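Participant: Take a look at final.cif, mmCIF, N, CA, C and O atoms:
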```
data_run
#
loop_
_atom_site.group_PDB
_atom_site.id
_atom_site.type_symbol
_atom_site.label_atom_id
_atom_site.label_comp_id
_atom_site.auth_asym_id
_atom_site.auth_seq_id
_atom_site.Cartn_x
_atom_site.Cartn_y
_atom_site.Cartn_z
ATOM 1 N N MET G 1 -1.164 -12.284 -8.865
ATOM 2 C CA MET G 1 -1.634 -10.917 -9.087
ATOM 3 C C MET G 1 -0.730 -9.943 -8.344
ATOM 4 O O MET G 1 -0.449 -10.114 -7.173
ATOM 5 N N GLU G 2 -0.271 -8.947 -9.019
ATOM 6 C CA GLU G 2 0.589 -7.929 -8.415
ATOM 7 C C GLU G 2 -0.188 -6.621 -8.367
ATOM 8 O O GLU G 2 -0.742 -6.188 -9.368
ATOM 9 N N ILE G 3 -0.248 -6.006 -7.188
ATOM 10 C CA ILE G 3 -0.973 -4.750 -7.047
ATOM 11 C C ILE G 3 -0.027 -3.571 -7.231
ATOM 12 O O ILE G 3 -0.325 -2.628 -7.949
ATOM 13 N N PHE G 4 1.126 -3.617 -6.565
ATOM 14 C CA PHE G 4 2.145 -2.580 -6.681
ATOM 15 C C PHE G 4 3.464 -3.227 -7.075
ATOM 16 O O PHE G 4 3.699 -4.392 -6.785
ATOM 17 N N SER G 5 4.328 -2.461 -7.708
ATOM 18 C CA SER G 5 5.628 -2.956 -8.141
ATOM 19 C C SER G 5 6.737 -2.207 -7.413
ATOM 20 O O SER G 5 6.673 -0.988 -7.247
ATOM 21 N N LYS G 6 7.773 -2.923 -7.002
ATOM 22 C CA LYS G 6 8.905 -2.294 -6.311
ATOM 23 C C LYS G 6 9.738 -1.431 -7.254
ATOM 24 O O LYS G 6 10.476 -0.581 -6.814
ATOM 25 N N ASN G 7 9.654 -1.660 -8.536
ATOM 26 C CA ASN G 7 10.497 -0.938 -9.488
ATOM 27 C C ASN G 7 9.843 0.315 -10.052
ATOM 28 O O ASN G 7 10.363 0.902 -10.986
ATOM 29 N N LYS G 8 8.718 0.707 -9.493
ATOM 30 C CA LYS G 8 7.982 1.844 -10.026
ATOM 31 C C LYS G 8 7.854 2.929 -8.970
ATOM 32 O O LYS G 8 7.734 2.643 -7.791
ATOM 33 N N LYS G 9 7.865 4.187 -9.406
ATOM 34 C CA LYS G 9 7.611 5.312 -8.514
ATOM 35 C C LYS G 9 6.152 5.717 -8.672
ATOM 36 O O LYS G 9 5.611 5.699 -9.770
ATOM 37 N N TYR G 10 5.514 6.052 -7.556
ATOM 38 C CA TYR G 10 4.084 6.360 -7.545
ATOM 39 C C TYR G 10 3.824 7.747 -6.975
ATOM 40 O O TYR G 10 4.446 8.128 -5.981
ATOM 41 N N PHE G 11 2.900 8.464 -7.585
ATOM 42 C CA PHE G 11 2.350 9.667 -6.970
ATOM 43 C C PHE G 11 1.290 9.225 -5.974
ATOM 44 O O PHE G 11 0.693 8.155 -6.118
ATOM 45 N N PHE G 12 1.022 10.049 -4.954
ATOM 46 C CA PHE G 12 0.045 9.675 -3.949
ATOM 47 C C PHE G 12 -1.310 9.357 -4.573
ATOM 48 O O PHE G 12 -1.965 8.380 -4.188
ATOM 49 N N ASP G 13 -1.752 10.147 -5.538
ATOM 50 C CA ASP G 13 -3.041 9.899 -6.192
ATOM 51 C C ASP G 13 -3.087 8.527 -6.863
ATOM 52 O O ASP G 13 -4.134 7.874 -6.869
ATOM 53 N N ASP G 14 -1.955 8.090 -7.425
ATOM 54 C CA ASP G 14 -1.900 6.756 -8.046
ATOM 55 C C ASP G 14 -2.089 5.669 -6.998
ATOM 56 O O ASP G 14 -2.825 4.701 -7.217
ATOM 57 N N ILE G 15 -1.426 5.819 -5.855
ATOM 58 C CA ILE G 15 -1.564 4.846 -4.770
ATOM 59 C C ILE G 15 -3.012 4.803 -4.296
ATOM 60 O O ILE G 15 -3.586 3.730 -4.129
ATOM 61 N N ALA G 16 -3.614 5.978 -4.105
ATOM 62 C CA ALA G 16 -4.994 6.056 -3.624
ATOM 63 C C ALA G 16 -5.968 5.398 -4.605
ATOM 64 O O ALA G 16 -6.880 4.672 -4.192
ATOM 65 N N LYS G 17 -5.790 5.618 -5.898
ATOM 66 C CA LYS G 17 -6.671 5.013 -6.904
ATOM 67 C C LYS G 17 -6.556 3.494 -6.912
ATOM 68 O O LYS G 17 -7.558 2.785 -6.990
ATOM 69 N N ILE G 18 -5.340 2.986 -6.821
ATOM 70 C CA ILE G 18 -5.128 1.533 -6.796
ATOM 71 C C ILE G 18 -5.750 0.942 -5.532
ATOM 72 O O ILE G 18 -6.378 -0.117 -5.571
ATOM 73 N N CYS G 19 -5.602 1.656 -4.412
ATOM 74 C CA CYS G 19 -6.199 1.195 -3.154
ATOM 75 C C CYS G 19 -7.720 1.154 -3.255
ATOM 76 O O CYS G 19 -8.347 0.164 -2.850
ATOM 77 N N ASP G 20 -8.316 2.209 -3.785
ATOM 78 C CA ASP G 20 -9.778 2.243 -3.942
ATOM 79 C C ASP G 20 -10.269 1.086 -4.802
ATOM 80 O O ASP G 20 -11.270 0.440 -4.492
ATOM 81 N N LYS G 21 -9.560 0.816 -5.865
ATOM 82 C CA LYS G 21 -9.941 -0.246 -6.799
ATOM 83 C C LYS G 21 -9.852 -1.634 -6.153
ATOM 84 O O LYS G 21 -10.609 -2.532 -6.504
ATOM 85 N N ASN G 22 -8.950 -1.793 -5.173
ATOM 86 C CA ASN G 22 -8.692 -3.111 -4.598
ATOM 87 C C ASN G 22 -9.170 -3.274 -3.151
ATOM 88 O O ASN G 22 -8.844 -4.266 -2.505
ATOM 89 N N GLY G 23 -9.940 -2.315 -2.644
ATOM 90 C CA GLY G 23 -10.464 -2.445 -1.287
ATOM 91 C C GLY G 23 -9.420 -2.270 -0.205
ATOM 92 O O GLY G 23 -9.497 -2.892 0.846
ATOM 93 N N LEU G 24 -8.434 -1.429 -0.474
ATOM 94 C CA LEU G 24 -7.373 -1.136 0.486
ATOM 95 C C LEU G 24 -7.478 0.318 0.928
ATOM 96 O O LEU G 24 -8.123 1.121 0.265
ATOM 97 N N ILE G 25 -6.831 0.664 2.037
ATOM 98 C CA ILE G 25 -6.824 2.047 2.505
ATOM 99 C C ILE G 25 -5.392 2.496 2.760
ATOM 100 O O ILE G 25 -4.511 1.690 3.057
ATOM 101 N N THR G 26 -5.175 3.795 2.625
ATOM 102 C CA THR G 26 -3.859 4.361 2.913
ATOM 103 C C THR G 26 -3.865 4.955 4.313
ATOM 104 O O THR G 26 -4.848 5.547 4.747
ATOM 105 N N ILE G 27 -2.756 4.793 5.001
ATOM 106 C CA ILE G 27 -2.555 5.370 6.322
ATOM 107 C C ILE G 27 -1.403 6.355 6.192
ATOM 108 O O ILE G 27 -0.287 5.982 5.832
ATOM 109 N N ASP G 28 -1.690 7.611 6.460
ATOM 110 C CA ASP G 28 -0.713 8.688 6.292
ATOM 111 C C ASP G 28 0.202 8.752 7.509
ATOM 112 O O ASP G 28 -0.219 9.115 8.600
ATOM 113 N N CYS G 29 1.449 8.366 7.327
ATOM 114 C CA CYS G 29 2.460 8.438 8.382
ATOM 115 C C CYS G 29 3.563 9.409 7.970
ATOM 116 O O CYS G 29 4.692 9.314 8.437
ATOM 117 N N LEU G 30 3.236 10.343 7.081
ATOM 118 C CA LEU G 30 4.257 11.225 6.525
ATOM 119 C C LEU G 30 4.877 12.138 7.578
ATOM 120 O O LEU G 30 6.087 12.348 7.589
ATOM 121 N N LYS G 31 4.065 12.667 8.461
ATOM 122 C CA LYS G 31 4.566 13.612 9.449
ATOM 123 C C LYS G 31 5.555 12.956 10.405
ATOM 124 O O LYS G 31 6.585 13.530 10.729
ATOM 125 N N ASP G 32 5.245 11.744 10.844
ATOM 126 C CA ASP G 32 6.095 11.074 11.828
ATOM 127 C C ASP G 32 7.181 10.196 11.217
ATOM 128 O O ASP G 32 8.291 10.136 11.725
ATOM 129 N N GLU G 33 6.858 9.507 10.137
ATOM 130 C CA GLU G 33 7.777 8.496 9.613
ATOM 131 C C GLU G 33 8.149 8.687 8.145
ATOM 132 O O GLU G 33 8.865 7.866 7.585
ATOM 133 N N ASN G 34 7.619 9.728 7.501
ATOM 134 C CA ASN G 34 7.929 10.022 6.102
ATOM 135 C C ASN G 34 7.556 8.867 5.168
ATOM 136 O O ASN G 34 8.282 8.552 4.234
ATOM 137 N N MET G 35 6.429 8.204 5.476
ATOM 138 C CA MET G 35 5.989 7.084 4.653
ATOM 139 C C MET G 35 4.476 6.962 4.702
ATOM 140 O O MET G 35 3.809 7.611 5.490
ATOM 141 N N ILE G 36 3.951 6.121 3.807
ATOM 142 C CA ILE G 36 2.529 5.788 3.745
ATOM 143 C C ILE G 36 2.430 4.275 3.849
ATOM 144 O O ILE G 36 3.187 3.548 3.191
ATOM 145 N N SER G 37 1.510 3.807 4.666
ATOM 146 C CA SER G 37 1.263 2.367 4.691
ATOM 147 C C SER G 37 -0.090 2.092 4.041
ATOM 148 O O SER G 37 -0.970 2.949 4.024
ATOM 149 N N VAL G 38 -0.215 0.898 3.501
ATOM 150 C CA VAL G 38 -1.450 0.470 2.852
ATOM 151 C C VAL G 38 -1.936 -0.767 3.590
ATOM 152 O O VAL G 38 -1.175 -1.722 3.797
ATOM 153 N N GLU G 39 -3.209 -0.713 3.993
ATOM 154 C CA GLU G 39 -3.785 -1.792 4.781
ATOM 155 C C GLU G 39 -5.105 -2.239 4.174
ATOM 156 O O GLU G 39 -5.740 -1.494 3.433
ATOM 157 N N GLU G 40 -5.491 -3.436 4.549
ATOM 158 C CA GLU G 40 -6.788 -3.964 4.145
ATOM 159 C C GLU G 40 -7.866 -3.241 4.940
ATOM 160 O O GLU G 40 -7.720 -3.008 6.136
ATOM 161 N N CYS G 41 -8.927 -2.846 4.271
ATOM 162 C CA CYS G 41 -10.072 -2.252 4.959
ATOM 163 C C CYS G 41 -10.899 -3.401 5.503
ATOM 164 O O CYS G 41 -11.430 -4.200 4.755
ATOM 165 N N ASN G 42 -10.986 -3.475 6.802
ATOM 166 C CA ASN G 42 -11.582 -4.627 7.467
ATOM 167 C C ASN G 42 -12.913 -4.236 8.101
ATOM 168 O O ASN G 42 -13.016 -4.100 9.302
ATOM 169 N N GLY G 43 -13.944 -4.001 7.272
ATOM 170 C CA GLY G 43 -15.259 -3.635 7.780
ATOM 171 C C GLY G 43 -15.254 -2.354 8.585
ATOM 172 O O GLY G 43 -15.886 -2.268 9.624
ATOM 173 N N GLY G 44 -14.539 -1.362 8.131
ATOM 174 C CA GLY G 44 -14.458 -0.098 8.845
ATOM 175 C C GLY G 44 -13.308 -0.039 9.834
ATOM 176 O O GLY G 44 -12.940 1.028 10.319
ATOM 177 N N GLU G 45 -12.726 -1.171 10.145
ATOM 178 C CA GLU G 45 -11.574 -1.231 11.038
ATOM 179 C C GLU G 45 -10.311 -1.363 10.190
ATOM 180 O O GLU G 45 -10.357 -1.810 9.059
ATOM 181 N N LEU G 46 -9.192 -0.984 10.778
ATOM 182 C CA LEU G 46 -7.934 -1.173 10.071
ATOM 183 C C LEU G 46 -7.565 -2.643 10.072
ATOM 184 O O LEU G 46 -7.806 -3.358 11.028
ATOM 185 N N GLY G 47 -6.974 -3.063 8.972
ATOM 186 C CA GLY G 47 -6.513 -4.435 8.872
ATOM 187 C C GLY G 47 -5.009 -4.486 9.056
ATOM 188 O O GLY G 47 -4.405 -3.576 9.620
ATOM 189 N N ASP G 48 -4.418 -5.531 8.559
ATOM 190 C CA ASP G 48 -2.972 -5.686 8.650
ATOM 191 C C ASP G 48 -2.284 -4.863 7.567
ATOM 192 O O ASP G 48 -2.790 -4.741 6.459
ATOM 193 N N CYS G 49 -1.128 -4.331 7.902
ATOM 194 C CA CYS G 49 -0.334 -3.579 6.927
ATOM 195 C C CYS G 49 0.170 -4.555 5.865
ATOM 196 O O CYS G 49 0.700 -5.617 6.175
ATOM 197 N N ILE G 50 -0.015 -4.177 4.608
ATOM 198 C CA ILE G 50 0.424 -5.022 3.500
ATOM 199 C C ILE G 50 1.584 -4.385 2.744
ATOM 200 O O ILE G 50 2.535 -5.060 2.365
ATOM 201 N N PHE G 51 1.515 -3.061 2.530
ATOM 202 C CA PHE G 51 2.547 -2.352 1.777
ATOM 203 C C PHE G 51 2.998 -1.115 2.549
ATOM 204 O O PHE G 51 2.194 -0.502 3.246
ATOM 205 N N GLU G 52 4.266 -0.746 2.372
ATOM 206 C CA GLU G 52 4.763 0.529 2.890
ATOM 207 C C GLU G 52 5.508 1.249 1.771
ATOM 208 O O GLU G 52 6.296 0.642 1.051
ATOM 209 N N PHE G 53 5.228 2.543 1.657
ATOM 210 C CA PHE G 53 5.855 3.394 0.657
ATOM 211 C C PHE G 53 6.635 4.494 1.356
ATOM 212 O O PHE G 53 6.103 5.192 2.218
ATOM 213 N N LYS G 54 7.867 4.682 0.971
ATOM 214 C CA LYS G 54 8.714 5.742 1.500
ATOM 215 C C LYS G 54 8.629 6.945 0.567
ATOM 216 O O LYS G 54 8.656 6.787 -0.662
ATOM 217 N N ARG G 55 8.507 8.140 1.139
ATOM 218 C CA ARG G 55 8.507 9.338 0.306
ATOM 219 C C ARG G 55 9.924 9.579 -0.203
ATOM 220 O O ARG G 55 10.868 9.632 0.569
ATOM 221 N N ILE G 56 10.057 9.727 -1.511
ATOM 222 C CA ILE G 56 11.367 9.952 -2.120
ATOM 223 C C ILE G 56 11.451 11.314 -2.797
ATOM 224 O O ILE G 56 12.500 11.683 -3.310
ATOM 225 N N GLY G 57 10.342 12.035 -2.806
ATOM 226 C CA GLY G 57 10.301 13.358 -3.412
ATOM 227 C C GLY G 57 8.974 14.008 -3.094
ATOM 228 O O GLY G 57 8.155 13.458 -2.361
ATOM 229 N N ASP G 58 8.765 15.190 -3.644
ATOM 230 C CA ASP G 58 7.512 15.896 -3.420
ATOM 231 C C ASP G 58 6.379 15.117 -4.090
ATOM 232 O O ASP G 58 6.334 15.007 -5.316
ATOM 233 N N ASN G 59 5.495 14.516 -3.276
ATOM 234 C CA ASN G 59 4.366 13.730 -3.758
ATOM 235 C C ASN G 59 4.804 12.514 -4.576
ATOM 236 O O ASN G 59 4.091 12.040 -5.446
ATOM 237 N N LEU G 60 5.988 11.994 -4.306
ATOM 238 C CA LEU G 60 6.521 10.850 -5.039
ATOM 239 C C LEU G 60 6.959 9.784 -4.036
ATOM 240 O O LEU G 60 7.647 10.081 -3.063
ATOM 241 N N PHE G 61 6.538 8.525 -4.288
ATOM 242 C CA PHE G 61 6.755 7.442 -3.338
ATOM 243 C C PHE G 61 7.287 6.203 -4.039
ATOM 244 O O PHE G 61 7.031 5.986 -5.211
ATOM 245 N N LYS G 62 8.010 5.395 -3.272
ATOM 246 C CA LYS G 62 8.523 4.129 -3.781
ATOM 247 C C LYS G 62 8.178 3.031 -2.780
ATOM 248 O O LYS G 62 8.326 3.200 -1.574
ATOM 249 N N LEU G 63 7.700 1.903 -3.297
ATOM 250 C CA LEU G 63 7.382 0.756 -2.464
ATOM 251 C C LEU G 63 8.665 0.231 -1.834
ATOM 252 O O LEU G 63 9.628 -0.065 -2.531
ATOM 253 N N THR G 64 8.674 0.137 -0.495
ATOM 254 C CA THR G 64 9.880 -0.318 0.194
ATOM 255 C C THR G 64 9.672 -1.602 0.976
ATOM 256 O O THR G 64 10.637 -2.240 1.375
ATOM 257 N N TRP G 65 8.405 -1.992 1.220
ATOM 258 C CA TRP G 65 8.158 -3.181 2.033
ATOM 259 C C TRP G 65 6.823 -3.804 1.664
ATOM 260 O O TRP G 65 5.847 -3.102 1.440
ATOM 261 N N VAL G 66 6.801 -5.127 1.587
ATOM 262 C CA VAL G 66 5.578 -5.889 1.328
ATOM 263 C C VAL G 66 5.525 -7.032 2.334
ATOM 264 O O VAL G 66 6.496 -7.769 2.487
ATOM 265 N N ASP G 67 4.398 -7.167 3.029
ATOM 266 C CA ASP G 67 4.194 -8.319 3.899
ATOM 267 C C ASP G 67 3.558 -9.406 3.036
ATOM 268 O O ASP G 67 2.366 -9.378 2.751
ATOM 269 N N LYS G 68 4.363 -10.343 2.594
ATOM 270 C CA LYS G 68 3.903 -11.338 1.625
ATOM 271 C C LYS G 68 2.817 -12.246 2.188
ATOM 272 O O LYS G 68 1.908 -12.647 1.464
ATOM 273 N N ILE G 69 2.873 -12.539 3.463
ATOM 274 C CA ILE G 69 1.838 -13.395 4.063
ATOM 275 C C ILE G 69 0.500 -12.661 4.086
ATOM 276 O O ILE G 69 -0.527 -13.217 3.689
ATOM 277 N N ASN G 70 0.496 -11.408 4.552
ATOM 278 C CA ASN G 70 -0.749 -10.631 4.559
ATOM 279 C C ASN G 70 -1.261 -10.397 3.144
ATOM 280 O O ASN G 70 -2.470 -10.389 2.910
ATOM 281 N N LEU G 71 -0.363 -10.195 2.190
ATOM 282 C CA LEU G 71 -0.773 -10.021 0.798
ATOM 283 C C LEU G 71 -1.438 -11.295 0.273
ATOM 284 O O LEU G 71 -2.495 -11.231 -0.357
ATOM 285 N N GLN G 72 -0.846 -12.453 0.529
ATOM 286 C CA GLN G 72 -1.451 -13.716 0.077
ATOM 287 C C GLN G 72 -2.824 -13.905 0.707
ATOM 288 O O GLN G 72 -3.773 -14.321 0.028
ATOM 289 N N ASN G 73 -2.949 -13.630 1.995
ATOM 290 C CA ASN G 73 -4.247 -13.766 2.675
ATOM 291 C C ASN G 73 -5.279 -12.823 2.073
ATOM 292 O O ASN G 73 -6.419 -13.204 1.836
ATOM 293 N N PHE G 74 -4.876 -11.580 1.805
ATOM 294 C CA PHE G 74 -5.776 -10.598 1.209
ATOM 295 C C PHE G 74 -6.221 -11.055 -0.175
ATOM 296 O O PHE G 74 -7.402 -11.002 -0.507
ATOM 297 N N LEU G 75 -5.283 -11.505 -0.993
ATOM 298 C CA LEU G 75 -5.625 -11.929 -2.355
ATOM 299 C C LEU G 75 -6.560 -13.135 -2.339
ATOM 300 O O LEU G 75 -7.459 -13.228 -3.161
ATOM 301 N N ARG G 76 -6.357 -14.035 -1.400
ATOM 302 C CA ARG G 76 -7.275 -15.170 -1.266
ATOM 303 C C ARG G 76 -8.680 -14.698 -0.940
ATOM 304 O O ARG G 76 -9.647 -15.214 -1.469
ATOM 305 N N GLU G 77 -8.786 -13.735 -0.044
ATOM 306 C CA GLU G 77 -10.092 -13.235 0.369
ATOM 307 C C GLU G 77 -10.844 -12.566 -0.771
ATOM 308 O O GLU G 77 -12.054 -12.739 -0.905
ATOM 309 N N ILE G 78 -10.163 -11.770 -1.591
ATOM 310 C CA ILE G 78 -10.858 -11.052 -2.657
ATOM 311 C C ILE G 78 -11.187 -11.950 -3.839
ATOM 312 O O ILE G 78 -12.031 -11.614 -4.651
ATOM 313 N N ASN G 79 -10.547 -13.097 -3.933
ATOM 314 C CA ASN G 79 -10.827 -14.023 -5.030
ATOM 315 C C ASN G 79 -11.947 -14.994 -4.708
ATOM 316 O O ASN G 79 -12.347 -15.769 -5.549
ATOM 317 N N ILE G 80 -12.464 -14.977 -3.485
ATOM 318 C CA ILE G 80 -13.542 -15.899 -3.079
ATOM 319 C C ILE G 80 -14.835 -15.503 -3.748
ATOM 320 O O ILE G 80 -15.189 -14.425 -3.933
#
```
Could you rewrite the structure in this file as structure tokens?
Facilitator:
Amino acid sequence: MEIFSKNKKYFFDDIAKICDKNGLITIDCLKDENMISVEECNGGELGDCIFEFKRIGDNLFKLTWVDKINLQNFLREINI
């Protein structure tokens, strides 16, 4: 199962909708690092970072990093 694709550009609203649908949350690091990270929502606590998106334009982002181990663990959990 693929949640985000490295070859696609995303608007912030698209990232947020995909996160809502899959039980993930966005962490806004735009001011300090010009990127958004996506983490597992862990019962109200932050989980491990799974995806990072770099801002490439006004409200436009590209997936630049995926933690494959955390992604596999997350996918296992949601399929139980």
Participant: What would the selection look like, as a PyMOL selection string, if the PyMOL selection byres ((chain G and resi 10-22) around 4.5) were run on the coordinates I just shared?
Facilitator: chain G and resi 8-9+23-24+59-61
Participant: Would you translate the PyMOL selection byres (((chain G and resi 66 and name CA) around 10) and name CA) into the concrete set of residues it matches in this file, as a list of chain:residue names?
Facilitator: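 That expression, the PyMOL selection byres (((chain G and resi 66 and name CA) around 10) and name CA), corresponds here to G:Phe4, G:Ser5, G:Lys6, G:Ser37, G:Val38, G:Cys49, G:Ile50, G:Phe51, G:Glu52, G:Phe53, G:Leu63, G:Thr64, G:Trp65, G:Asp67, G:Lys68, G:Ile69, G:Asn70, G:Leu71.
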Participant: For CA of Ile36 (chain G) and CA of Ile3 (chain G), quote the distance in Å rounded to one decimal.
Facilitator: 15.5 Å
Participant: Just list the residues in chain G DSSP gives strand (DSSP E) on the backbone, as number ranges by chain.
Facilitator: G: 9-11, 24-29, 35-42, 45-57, 60-66
Participant: Can you check which residues of chain G DSSP gives as helix (DSSP H, G or I) on the backbone and send them as a PyMOL selection string?
Facilitator: chain G and resi 12-22+30-33+68-78
Participant: What is the distance between CA of Ile25 (chain G) and CA of Asn73 (chain G), in Å to one decimal?
Facilitator: 16.0 Å
Participant: Taking only C-alpha atoms into account, which of G:Lys62, G:Gly47, G:Gln72, G:Arg55 comes nearest Leu30 (chain G)?
Facilitator: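 For Leu30 (chain G), the nearest of the candidates is G:Arg55.
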Participant: Have a look at atom C of Cys41 (chain G) and atom N of Cys29 (chain G) and let me know their distance in Å, one decimal.
Facilitator: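 Interatomic distance here is 17.2 Å.
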Participant: Please put the answer as AutoDock Vina command-line options: centre and edge lengths, in Å with one decimal, of a box along x, y and z that encloses all listed atoms of region 64-72 of chain G plus 6 Å on each side.
Facilitator:
```
--center_x 3.4 --center_y -7.1 --center_z 2.0 --size_x 26.4 --size_y 26.5 --size_z 17.1
```
